[in-house]
Amino acid sequence: MKNRMKKIASLFLVASMTLSLAACGSSEKEETSGEDTAQEESAEEGEVLNIWCWNDEFQSRFNDYYPEVKEVAEDKSTTTLNDGTVVKWTINPNENNNYQNKLDEALLNQESADADDKIDIFLIEADYALKYVDSEYTLDVINDIGMTEDDMADQYQYTKDIVTDSEGAIKGTTWQATPGLFAYRRSIAKDVLGTDDPDEVQAALSDWDSFNAVAEQAAAKGYKMLSGYDDSYRTFSNNVSAPWVDGTSVVVDENLMKWVEQTKDFTDNGYNNKTSLWDDGWAADQGPDGDVFGFFYSTWGINFTLLGNSLADPDGEQAVGNGIYGDYAVCEGPEAYYWGGTWICAAAGTDNAATIKDVMVKLTCDAEIDKQITLDTQDYTNNKTAMDEIAADPEFGSDFLGGQNHIALFAEAAGKIDMSNAGKYDQGCNEKFQAAFKDYFDGSVDMDTAKANFETAIMELYPNLTEVVWP
């Protein structure tokens with residue numbers, strides 16, 4: 001028994017947890033009355049806070065910035081809070097849907113699990129957020145956990161939209177916002193455009209027609225505009241006019257076909273290197289031997305992935321002289337978009353609602369904490385006041401980006417993001433669409449065959465869907 005006073009919290013307990021998560025969100029939420037599905041009662045806070053995630057990113061943010069942390073175990077498997085609560089970390093890597101599969105199994109057994117084994121917090125990504133948000137496995141962070149609209153008032157709206165369920169309840173919160181920019185090589189921009197100034201480069205890339213024209217100019221100089229097939233995809237997919245699915249119909253947005261047209265043109269004309277996202281060739285194109293004008297990247301990608309790939313010696317000092325460190329800059333690019341992000345969800349059945357509220361408020365709503373995270377890590381955090389302060393700071397800049405204050409551009413881009421068309425089928429539809437058209441870009445199938453292959457793949461993944469409608 002802990003040597004502390006027990007906290008009393010309003011706890012939301014789900015009495016019936018029958019919604020299957022195994023089909024990546026294809027099951028519909030059962031309609032039951034609040035009396036049948038949930039009840040509120042006062043309960044003592046549990047002694048163990050179980051947190052599930054797929055890597056150690058949130059664990060490090062929690063251990064480094066949550067002010068109630070007292071001690072971290074040497075192997076980092078547990079964290080002890082000031083009041084004696086033991087935080088137990090369960091990390092299952094994401095590969096081959098491993099994280100979701102294990103999380104789904106645990107949530108299906110949540111009701112019968114021992115109190116100290118129940119999941120209290122689990123992390124989700126935007127691509128599959130609604131699978132969990134539109135289920136009874138997640139709690140309303142306002143009505144069940146106790147956060148307020150005032151607490152969340154300084155968060156970017158799109159970060160709330162992504163985790164808002166079909167009934168308008170917000171079912172998660174995040175400490176980060178992930179607006180995207182176009183990261184370009186200064187040296188290549190100077191050769192192609194005669195300048196590396198971000199404002200002037202942005203003027204040259206301000207819309208897709210201009211972007212495509214620069215691709216032709218770059219090719220004439222011996223450069224590729226993009227590395228591969230997937231680089232611009234999210235910039236198009238984030239700007240669709242409607243969700244993927246309408247009723248039981250998959251509706252392919254016209255903007256996605258513009259991506260197909262552009263990527264086929266870039267491939268046929270030699271404007272890319274025919275790589276795929278995350279493969280070795282794509283990573284190498286970002287380094288000292290790369291010949292690519294630029295990459296679409298969001299906040300985390302620039303600071304962690306692109307920076308690492310730019311180095312000639314990955315174990316050496318991150319400074320000018322190591323590879324092409326300092327040769328990148330960023331501009332807004334043709335369209336506003338976002339990429340990635342991690343949301344904190346409270347699991348139904350938790351006995352730690354008060355602790356969860358404190359974690360959520362302090363890590364995702366506290367301007368001072370969020371500002372410090374950005375100053376320390378250059379990760380972009382989900383607090384407009386904090387980010388605007390850094391954006392206006394003339395002393396702030398990224399050495400990796402040649403001294404540029406990239407936070408100022410992120411702050412401008414973040415407010416333009418509209419994710420009101422996000423849906424629970426996004427992950428599957430986006431992945432199958434890109435895979436089907438990769439064969440078309442390679443020239444191994446024609447357009448009609450690529451379309452047919454997408455139709456087959458999506459019907460197999462989501463048997464409840466009945467047709468694909470093309471623009």
# chains A, B, ... in the order shown; residues from 1 in each chain; ligands from 1
>>> residues_around(residues="Ala413 in chain A", least_positions_apart="2", cutoff="10 Å", atoms="only C-alpha atoms", output="list in words")
Thr178, Pro179, Gly180, Leu181, Cys331, Glu332, Gly333, Glu335, Ala336, Tyr337, Tyr338, Ile407, Ala408, Leu409, Phe410, Ala411, Gly415, Lys416 and Ile417 of chain A
>>> write_last_selection(atoms="C-alpha atoms", output="compact mmCIF listing (two decimals), in the first residue's frame")
# COMPACT_ATOMS: atom_id res chain seq x y z
CA THR A 178 2.97 18.37 -37.02
CA PRO A 179 2.49 20.90 -39.83
CA GLY A 180 4.53 20.14 -42.93
CA LEU A 181 6.89 22.23 -45.01
CA CYS A 331 9.58 27.00 -47.19
CA GLU A 332 5.83 26.46 -47.06
CA GLY A 333 5.53 24.77 -50.45
CA GLU A 335 -0.15 23.53 -50.09
CA ALA A 336 -0.55 23.37 -46.32
CA TYR A 337 -0.49 19.85 -44.91
CA TYR A 338 0.48 17.85 -41.86
CA ILE A 407 9.17 27.56 -36.03
CA ALA A 408 7.88 30.79 -37.60
CA LEU A 409 6.99 28.94 -40.80
CA PHE A 410 5.47 26.03 -38.90
CA ALA A 411 3.35 28.47 -36.89
CA GLY A 415 -3.28 27.36 -38.64
CA LYS A 416 -4.10 26.49 -42.26
CA ILE A 417 -4.47 22.75 -41.75
>>> closest_atom_pairs(of="range 192-308 of chain A", to="range 445-456 of chain A", cutoff="12 Å", atoms="only C-alpha atoms", output="Markdown table")
| residue | atom | partner | partner_atom | distance |
| --- | --- | --- | --- | --- |
| A:Ser249 | CA | A:Glu455 | CA | 10.9 |
| A:Val250 | CA | A:Glu455 | CA | 8.9 |
| A:Val251 | CA | A:Glu455 | CA | 10.9 |
| A:Val252 | CA | A:Lys451 | CA | 10.2 |
| A:Met257 | CA | A:Lys451 | CA | 10.8 |
| A:Val260 | CA | A:Met447 | CA | 9.7 |
| A:Glu261 | CA | A:Met447 | CA | 10.4 |
| A:Lys264 | CA | A:Met447 | CA | 10.3 |
>>> closest_residue(among="A:Gln59, A:Thr299, A:Ser420, A:Gln262", to="Ile91 in chain A", atoms="only C-alpha atoms")
A:Gln59
>>> residues_around(residues="range 135-149 of chain A", least_positions_apart="4", cutoff="6 Å", atoms="only C-alpha atoms", output="list in words")
Lys29, Ala153, Ala169, Ile170, Lys171, Ala346, Ala347, Ala348, Ala353 and Lys357 of chain A
>>> residues_around(residues="Asp117 in chain A", least_positions_apart="2", cutoff="10 Å", atoms="only C-alpha atoms", output="PDB file with all heavy atoms, in the first residue's frame")
ATOM      1  N   VAL A  48      -1.060   1.716 -10.040  1.00  0.00           N
ATOM      2  CA  VAL A  48      -0.261   1.526 -11.251  1.00  0.00           C
ATOM      3  C   VAL A  48      -0.943   2.249 -12.405  1.00  0.00           C
ATOM      4  O   VAL A  48      -2.150   2.125 -12.606  1.00  0.00           O
ATOM      5  CB  VAL A  48      -0.108   0.029 -11.592  1.00  0.00           C
ATOM      6  CG1 VAL A  48       0.655  -0.145 -12.909  1.00  0.00           C
ATOM      7  CG2 VAL A  48       0.606  -0.705 -10.469  1.00  0.00           C
ATOM      8  N   LEU A  49      -0.157   3.023 -13.160  1.00  0.00           N
ATOM      9  CA  LEU A  49      -0.636   3.697 -14.361  1.00  0.00           C
ATOM     10  C   LEU A  49       0.005   2.998 -15.555  1.00  0.00           C
ATOM     11  O   LEU A  49       1.201   3.116 -15.790  1.00  0.00           O
ATOM     12  CB  LEU A  49      -0.254   5.177 -14.346  1.00  0.00           C
ATOM     13  CG  LEU A  49      -0.748   6.023 -15.522  1.00  0.00           C
ATOM     14  CD1 LEU A  49      -2.238   6.314 -15.373  1.00  0.00           C
ATOM     15  CD2 LEU A  49       0.039   7.339 -15.612  1.00  0.00           C
ATOM     16  N   ASN A  50      -0.785   2.232 -16.300  1.00  0.00           N
ATOM     17  CA  ASN A  50      -0.277   1.487 -17.445  1.00  0.00           C
ATOM     18  C   ASN A  50      -0.385   2.318 -18.717  1.00  0.00           C
ATOM     19  O   ASN A  50      -1.485   2.754 -19.085  1.00  0.00           O
ATOM     20  CB  ASN A  50      -1.063   0.186 -17.618  1.00  0.00           C
ATOM     21  CG  ASN A  50      -0.666  -0.869 -16.606  1.00  0.00           C
ATOM     22  OD1 ASN A  50       0.454  -1.380 -16.638  1.00  0.00           O
ATOM     23  ND2 ASN A  50      -1.568  -1.190 -15.685  1.00  0.00           N
ATOM     24  N   LYS A  88       3.869   2.063 -15.529  1.00  0.00           N
ATOM     25  CA  LYS A  88       4.412   0.880 -16.188  1.00  0.00           C
ATOM     26  C   LYS A  88       4.280   1.060 -17.700  1.00  0.00           C
ATOM     27  O   LYS A  88       3.192   1.306 -18.211  1.00  0.00           O
ATOM     28  CB  LYS A  88       3.657  -0.375 -15.744  1.00  0.00           C
ATOM     29  CG  LYS A  88       4.203  -1.661 -16.330  1.00  0.00           C
ATOM     30  CD  LYS A  88       3.433  -2.866 -15.797  1.00  0.00           C
ATOM     31  CE  LYS A  88       3.951  -4.166 -16.411  1.00  0.00           C
ATOM     32  NZ  LYS A  88       3.188  -5.342 -15.909  1.00  0.00           N
ATOM     33  N   ALA A 106      -5.610  -6.544 -25.994  1.00  0.00           N
ATOM     34  CA  ALA A 106      -5.648  -6.106 -24.596  1.00  0.00           C
ATOM     35  C   ALA A 106      -6.939  -5.349 -24.286  1.00  0.00           C
ATOM     36  O   ALA A 106      -7.522  -5.520 -23.208  1.00  0.00           O
ATOM     37  CB  ALA A 106      -4.434  -5.235 -24.289  1.00  0.00           C
ATOM     38  N   GLN A 110      -9.961  -5.889 -21.507  1.00  0.00           N
ATOM     39  CA  GLN A 110      -9.817  -4.837 -20.509  1.00  0.00           C
ATOM     40  C   GLN A 110     -10.760  -5.016 -19.332  1.00  0.00           C
ATOM     41  O   GLN A 110     -10.375  -4.854 -18.173  1.00  0.00           O
ATOM     42  CB  GLN A 110     -10.058  -3.467 -21.178  1.00  0.00           C
ATOM     43  CG  GLN A 110     -10.051  -2.272 -20.245  1.00  0.00           C
ATOM     44  CD  GLN A 110      -8.670  -1.689 -20.004  1.00  0.00           C
ATOM     45  OE1 GLN A 110      -7.670  -2.399 -20.092  1.00  0.00           O
ATOM     46  NE2 GLN A 110      -8.611  -0.414 -19.697  1.00  0.00           N
ATOM     47  N   SER A 112     -12.093  -7.598 -17.952  1.00  0.00           N
ATOM     48  CA  SER A 112     -11.815  -8.705 -17.029  1.00  0.00           C
ATOM     49  C   SER A 112     -10.405  -8.650 -16.433  1.00  0.00           C
ATOM     50  O   SER A 112     -10.075  -9.456 -15.563  1.00  0.00           O
ATOM     51  CB  SER A 112     -11.994 -10.048 -17.755  1.00  0.00           C
ATOM     52  OG  SER A 112     -11.118 -10.139 -18.860  1.00  0.00           O
ATOM     53  N   ALA A 113      -9.593  -7.725 -16.888  1.00  0.00           N
ATOM     54  CA  ALA A 113      -8.222  -7.636 -16.381  1.00  0.00           C
ATOM     55  C   ALA A 113      -8.186  -7.149 -14.947  1.00  0.00           C
ATOM     56  O   ALA A 113      -9.079  -6.412 -14.495  1.00  0.00           O
ATOM     57  CB  ALA A 113      -7.405  -6.692 -17.268  1.00  0.00           C
ATOM     58  N   ASP A 114      -7.155  -7.553 -14.206  1.00  0.00           N
ATOM     59  CA  ASP A 114      -6.970  -7.043 -12.849  1.00  0.00           C
ATOM     60  C   ASP A 114      -6.737  -5.536 -12.897  1.00  0.00           C
ATOM     61  O   ASP A 114      -6.222  -5.008 -13.887  1.00  0.00           O
ATOM     62  CB  ASP A 114      -5.767  -7.722 -12.182  1.00  0.00           C
ATOM     63  CG  ASP A 114      -6.021  -9.205 -11.905  1.00  0.00           C
ATOM     64  OD1 ASP A 114      -7.213  -9.603 -11.839  1.00  0.00           O
ATOM     65  OD2 ASP A 114      -5.037  -9.950 -11.771  1.00  0.00           O
ATOM     66  N   ALA A 115      -7.095  -4.858 -11.809  1.00  0.00           N
ATOM     67  CA  ALA A 115      -7.025  -3.392 -11.783  1.00  0.00           C
ATOM     68  C   ALA A 115      -5.652  -2.872 -12.171  1.00  0.00           C
ATOM     69  O   ALA A 115      -5.525  -1.925 -12.949  1.00  0.00           O
ATOM     70  CB  ALA A 115      -7.414  -2.880 -10.401  1.00  0.00           C
ATOM     71  N   ILE A 119      -5.209  -1.207 -19.033  1.00  0.00           N
ATOM     72  CA  ILE A 119      -4.594  -0.081 -19.729  1.00  0.00           C
ATOM     73  C   ILE A 119      -5.237   1.204 -19.226  1.00  0.00           C
ATOM     74  O   ILE A 119      -6.459   1.307 -19.122  1.00  0.00           O
ATOM     75  CB  ILE A 119      -4.794  -0.208 -21.247  1.00  0.00           C
ATOM     76  CG1 ILE A 119      -4.129  -1.486 -21.775  1.00  0.00           C
ATOM     77  CG2 ILE A 119      -4.224   1.010 -21.962  1.00  0.00           C
ATOM     78  CD1 ILE A 119      -4.413  -1.755 -23.234  1.00  0.00           C
ATOM     79  N   ASP A 120      -4.425   2.184 -18.901  1.00  0.00           N
ATOM     80  CA  ASP A 120      -4.926   3.490 -18.472  1.00  0.00           C
ATOM     81  C   ASP A 120      -4.798   4.529 -19.581  1.00  0.00           C
ATOM     82  O   ASP A 120      -5.714   5.302 -19.843  1.00  0.00           O
ATOM     83  CB  ASP A 120      -4.167   3.959 -17.230  1.00  0.00           C
ATOM     84  CG  ASP A 120      -4.370   3.028 -16.047  1.00  0.00           C
ATOM     85  OD1 ASP A 120      -5.502   2.962 -15.543  1.00  0.00           O
ATOM     86  OD2 ASP A 120      -3.399   2.359 -15.651  1.00  0.00           O
ATOM     87  N   THR A 350     -10.188   2.658 -16.901  1.00  0.00           N
ATOM     88  CA  THR A 350      -9.064   3.121 -16.087  1.00  0.00           C
ATOM     89  C   THR A 350      -9.509   3.452 -14.673  1.00  0.00           C
ATOM     90  O   THR A 350     -10.643   3.885 -14.446  1.00  0.00           O
ATOM     91  CB  THR A 350      -8.408   4.367 -16.707  1.00  0.00           C
ATOM     92  OG1 THR A 350      -7.330   4.796 -15.869  1.00  0.00           O
ATOM     93  CG2 THR A 350      -9.391   5.509 -16.834  1.00  0.00           C
TER      94      THR A 350
END
>>> atom_distance(atom1="CA of Glu44 in chain A", atom2="CA of Ser77 in chain A")
24.3 Å
>>> select_by_dssp(residues="range 12-259 of chain A", states="alpha helix (DSSP H)", output="number ranges by chain")
A: 34-37, 57-65, 98-108, 129-133, 157-161, 186-193, 198-204, 208-220, 233-237, 254-259
>>> residues_around(residues="Val330 in chain A", least_positions_apart="2", cutoff="7 Å", atoms="only C-alpha atoms", output="PDB file with N, CA and C atoms, in the first residue's frame")
ATOM      1  N   LEU A 181       6.265  21.231 -44.164  1.00  0.00           N
ATOM      2  CA  LEU A 181       6.895  22.230 -45.014  1.00  0.00           C
ATOM      3  C   LEU A 181       7.645  21.501 -46.126  1.00  0.00           C
ATOM      4  N   PHE A 182       8.259  22.266 -47.005  1.00  0.00           N
ATOM      5  CA  PHE A 182       9.123  21.684 -48.032  1.00  0.00           C
ATOM      6  C   PHE A 182      10.560  22.034 -47.682  1.00  0.00           C
ATOM      7  N   ALA A 183      11.348  21.009 -47.394  1.00  0.00           N
ATOM      8  CA  ALA A 183      12.758  21.195 -47.030  1.00  0.00           C
ATOM      9  C   ALA A 183      13.608  21.039 -48.283  1.00  0.00           C
ATOM     10  N   TYR A 184      14.381  22.058 -48.614  1.00  0.00           N
ATOM     11  CA  TYR A 184      15.133  22.041 -49.859  1.00  0.00           C
ATOM     12  C   TYR A 184      16.622  22.270 -49.605  1.00  0.00           C
ATOM     13  N   PRO A 198      14.558  31.695 -48.469  1.00  0.00           N
ATOM     14  CA  PRO A 198      13.277  30.988 -48.316  1.00  0.00           C
ATOM     15  C   PRO A 198      12.082  31.726 -48.921  1.00  0.00           C
ATOM     16  N   TYR A 328      20.352  22.691 -45.763  1.00  0.00           N
ATOM     17  CA  TYR A 328      18.902  22.663 -45.961  1.00  0.00           C
ATOM     18  C   TYR A 328      18.264  23.953 -45.447  1.00  0.00           C
ATOM     19  N   GLU A 332       7.156  27.037 -47.254  1.00  0.00           N
ATOM     20  CA  GLU A 332       5.827  26.456 -47.056  1.00  0.00           C
ATOM     21  C   GLU A 332       5.482  25.436 -48.126  1.00  0.00           C
ATOM     22  N   HIS A 406      12.633  28.115 -38.298  1.00  0.00           N
ATOM     23  CA  HIS A 406      11.610  27.294 -38.949  1.00  0.00           C
ATOM     24  C   HIS A 406      10.307  27.259 -38.156  1.00  0.00           C
TER      25      HIS A 406
END
>>> residues_around(residues="range 223-237 of chain A", least_positions_apart="2", cutoff="8 Å", atoms="only C-alpha atoms", output="ChimeraX atom specification")
/A:188,214-215,218-221,239-240,255-256,258-259,263,267,270-277,282,285,291-296,335-339,434,438,441
>>> write_last_selection(atoms="N, CA, C and O atoms", output="compact mmCIF listing (two decimals), in the first residue's frame")
# COMPACT_ATOMS: atom_id res chain seq x y z
N ILE A 188 21.43 23.49 -54.13
CA ILE A 188 20.73 23.15 -55.36
C ILE A 188 19.79 24.28 -55.76
O ILE A 188 19.68 24.63 -56.95
N VAL A 214 9.55 24.16 -61.85
CA VAL A 214 10.89 24.11 -61.23
C VAL A 214 11.47 22.71 -61.37
O VAL A 214 12.69 22.55 -61.53
N ALA A 215 10.62 21.68 -61.34
CA ALA A 215 11.11 20.31 -61.54
C ALA A 215 11.78 20.18 -62.90
O ALA A 215 12.84 19.53 -63.03
N ALA A 218 15.10 21.99 -62.70
CA ALA A 218 16.08 21.21 -61.94
C ALA A 218 16.64 20.08 -62.79
O ALA A 218 17.85 19.80 -62.75
N ALA A 219 15.77 19.42 -63.55
CA ALA A 219 16.22 18.32 -64.39
C ALA A 219 17.24 18.80 -65.42
O ALA A 219 18.21 18.09 -65.74
N ALA A 220 17.02 20.00 -65.94
CA ALA A 220 17.95 20.56 -66.93
C ALA A 220 19.33 20.78 -66.33
O ALA A 220 20.34 20.81 -67.05
N LYS A 221 19.38 20.93 -65.00
CA LYS A 221 20.66 21.13 -64.31
C LYS A 221 21.24 19.81 -63.76
O LYS A 221 22.27 19.82 -63.10
N ASN A 239 -5.48 17.47 -48.63
CA ASN A 239 -6.27 18.56 -49.20
C ASN A 239 -7.39 18.05 -50.10
O ASN A 239 -7.76 18.69 -51.09
N VAL A 240 -7.95 16.91 -49.71
CA VAL A 240 -9.10 16.36 -50.44
C VAL A 240 -10.37 17.11 -50.05
O VAL A 240 -10.43 17.80 -49.03
N ASN A 255 -8.19 15.22 -56.12
CA ASN A 255 -6.84 15.65 -55.74
C ASN A 255 -5.86 14.48 -55.70
O ASN A 255 -4.66 14.65 -55.96
N LEU A 256 -6.35 13.29 -55.39
CA LEU A 256 -5.48 12.12 -55.38
C LEU A 256 -5.07 11.73 -56.80
O LEU A 256 -3.95 11.27 -57.03
N LYS A 258 -4.63 13.88 -59.10
CA LYS A 258 -3.61 14.86 -59.47
C LYS A 258 -2.25 14.39 -59.00
O LYS A 258 -1.23 14.61 -59.68
N TRP A 259 -2.20 13.73 -57.83
CA TRP A 259 -0.94 13.15 -57.36
C TRP A 259 -0.47 12.06 -58.31
O TRP A 259 0.71 11.99 -58.67
N THR A 263 3.02 12.30 -60.29
CA THR A 263 4.05 11.30 -60.01
C THR A 263 4.41 10.51 -61.26
O THR A 263 5.59 10.19 -61.50
N THR A 267 8.07 10.58 -62.92
CA THR A 267 8.78 9.32 -63.15
C THR A 267 9.20 9.18 -64.60
O THR A 267 10.36 8.85 -64.92
N GLY A 270 12.02 11.62 -65.56
CA GLY A 270 13.27 11.57 -64.80
C GLY A 270 13.40 12.65 -63.75
O GLY A 270 14.51 13.05 -63.39
N TYR A 271 12.25 13.13 -63.24
CA TYR A 271 12.28 14.16 -62.20
C TYR A 271 12.39 13.57 -60.80
O TYR A 271 12.45 14.32 -59.82
N ASN A 272 12.37 12.24 -60.69
CA ASN A 272 12.57 11.59 -59.39
C ASN A 272 13.48 10.38 -59.57
O ASN A 272 13.82 10.00 -60.70
N ASN A 273 13.87 9.78 -58.45
CA ASN A 273 14.77 8.63 -58.47
C ASN A 273 14.05 7.30 -58.26
O ASN A 273 14.69 6.29 -57.96
N LYS A 274 12.72 7.32 -58.36
CA LYS A 274 11.91 6.09 -58.26
C LYS A 274 12.08 5.37 -56.93
O LYS A 274 11.97 4.14 -56.85
N THR A 275 12.33 6.11 -55.87
CA THR A 275 12.45 5.49 -54.55
C THR A 275 11.08 5.41 -53.90
O THR A 275 10.09 5.97 -54.39
N SER A 276 11.03 4.72 -52.78
CA SER A 276 9.82 4.65 -51.96
C SER A 276 10.14 5.15 -50.56
O SER A 276 11.28 5.02 -50.08
N LEU A 277 9.14 5.72 -49.92
CA LEU A 277 9.31 6.28 -48.58
C LEU A 277 9.96 5.26 -47.65
O LEU A 277 9.54 4.11 -47.59
N TRP A 282 15.86 6.33 -50.73
CA TRP A 282 15.20 7.57 -50.29
C TRP A 282 16.03 8.26 -49.21
O TRP A 282 16.25 9.48 -49.25
N ASP A 285 19.23 9.76 -50.66
CA ASP A 285 18.99 10.98 -51.44
C ASP A 285 19.00 12.23 -50.57
O ASP A 285 19.14 13.35 -51.09
N ASP A 291 21.07 14.06 -54.98
CA ASP A 291 20.91 15.03 -56.06
C ASP A 291 19.48 15.55 -56.12
O ASP A 291 19.01 15.99 -57.18
N VAL A 292 18.79 15.52 -54.99
CA VAL A 292 17.37 15.86 -54.93
C VAL A 292 17.17 17.27 -54.40
O VAL A 292 17.76 17.65 -53.37
N PHE A 293 16.34 18.04 -55.10
CA PHE A 293 16.06 19.42 -54.72
C PHE A 293 15.47 19.51 -53.31
O PHE A 293 15.91 20.34 -52.51
N GLY A 294 14.47 18.68 -53.01
CA GLY A 294 13.89 18.79 -51.67
C GLY A 294 12.92 17.68 -51.31
O GLY A 294 12.63 16.78 -52.12
N PHE A 295 12.44 17.76 -50.07
CA PHE A 295 11.60 16.73 -49.49
C PHE A 295 10.46 17.36 -48.71
O PHE A 295 10.67 18.34 -47.98
N PHE A 296 9.27 16.80 -48.82
CA PHE A 296 8.15 17.23 -47.99
C PHE A 296 8.30 16.55 -46.63
O PHE A 296 8.33 15.33 -46.54
N GLU A 335 1.09 23.64 -50.87
CA GLU A 335 -0.15 23.53 -50.09
C GLU A 335 0.19 23.24 -48.63
O GLU A 335 1.19 22.60 -48.33
N ALA A 336 -0.69 23.70 -47.73
CA ALA A 336 -0.55 23.37 -46.32
C ALA A 336 -0.92 21.91 -46.09
O ALA A 336 -1.87 21.40 -46.70
N TYR A 337 -0.19 21.25 -45.22
CA TYR A 337 -0.49 19.85 -44.91
C TYR A 337 0.12 19.52 -43.55
O TYR A 337 0.82 20.34 -42.95
N TYR A 338 -0.17 18.33 -43.07
CA TYR A 338 0.48 17.85 -41.86
C TYR A 338 0.89 16.41 -42.10
O TYR A 338 0.41 15.74 -43.03
N TRP A 339 1.80 15.93 -41.27
CA TRP A 339 2.23 14.53 -41.40
C TRP A 339 2.55 14.02 -40.00
O TRP A 339 3.46 14.49 -39.35
N GLN A 434 -1.64 3.96 -52.69
CA GLN A 434 -0.24 4.17 -53.06
C GLN A 434 0.37 2.88 -53.62
O GLN A 434 1.12 2.92 -54.60
N LYS A 438 1.86 2.30 -57.51
CA LYS A 438 3.31 2.15 -57.65
C LYS A 438 3.63 1.31 -58.89
O LYS A 438 4.58 1.60 -59.64
N PHE A 441 3.34 3.55 -61.88
CA PHE A 441 4.49 4.44 -62.04
C PHE A 441 5.68 3.67 -62.61
O PHE A 441 6.43 4.19 -63.44
>>> closest_residue(among="A:Asp399, A:Asn405, A:Asn352, A:Met387", to="Ile369 in chain A", atoms="only C-alpha atoms")
A:Met387
>>> residues_around(residues="Ala189 in chain A", least_positions_apart="6", cutoff="8 Å", atoms="only C-alpha atoms", output="ChimeraX atom specification")
/A:195-196,201,293
>>> select_by_dssp(residues="range 160-281 of chain A", states="strand (DSSP E or B)", output="PyMOL selection string")
chain A and resi 164+170+173+176+179-185+224+228+245-246+249-251+275
>>> atom_distance(atom1="CA of Leu306 in chain A", atom2="CA of Gln157 in chain A")
27.0 Å
>>> closest_residue(among="A:Asp191, A:Asp426, A:Asp265, A:Glu317", to="Trp244 in chain A", atoms="only C-alpha atoms")
A:Asp426
>>> atom_distance(atom1="CA of Tyr65 in chain A", atom2="CA of Leu107 in chain A")
27.9 Å
>>> decode(residues="range 265-299 of chain A", atoms="C-alpha atoms", output="compact mmCIF listing (two decimals), in the first residue's frame")
# COMPACT_ATOMS: atom_id res chain seq x y z
CA ASP A 265 4.96 12.64 -65.12
CA PHE A 266 7.90 13.00 -62.72
CA THR A 267 8.78 9.32 -63.15
CA ASP A 268 8.56 9.27 -66.93
CA ASN A 269 10.55 12.50 -67.28
CA GLY A 270 13.27 11.57 -64.80
CA TYR A 271 12.28 14.16 -62.20
CA ASN A 272 12.57 11.59 -59.39
CA ASN A 273 14.77 8.63 -58.47
CA LYS A 274 11.91 6.09 -58.26
CA THR A 275 12.45 5.49 -54.55
CA SER A 276 9.82 4.65 -51.96
CA LEU A 277 9.31 6.28 -48.58
CA TRP A 278 11.73 4.95 -45.93
CA ASP A 279 13.80 2.79 -48.28
CA ASP A 280 17.59 3.04 -48.44
CA GLY A 281 17.63 4.99 -51.67
CA TRP A 282 15.20 7.57 -50.29
CA ALA A 283 17.35 8.05 -47.19
CA ALA A 284 20.54 8.28 -49.24
CA ASP A 285 18.99 10.98 -51.44
CA GLN A 286 18.85 13.21 -48.35
CA GLY A 287 22.56 12.87 -47.70
CA PRO A 288 25.87 14.20 -49.02
CA ASP A 289 25.67 12.26 -52.29
CA GLY A 290 22.04 13.15 -52.97
CA ASP A 291 20.91 15.03 -56.06
CA VAL A 292 17.37 15.86 -54.93
CA PHE A 293 16.06 19.42 -54.72
CA GLY A 294 13.89 18.79 -51.67
CA PHE A 295 11.60 16.73 -49.49
CA PHE A 296 8.15 17.23 -47.99
CA TYR A 297 8.63 16.84 -44.25
CA SER A 298 6.79 17.77 -41.10
CA THR A 299 8.22 18.91 -37.78
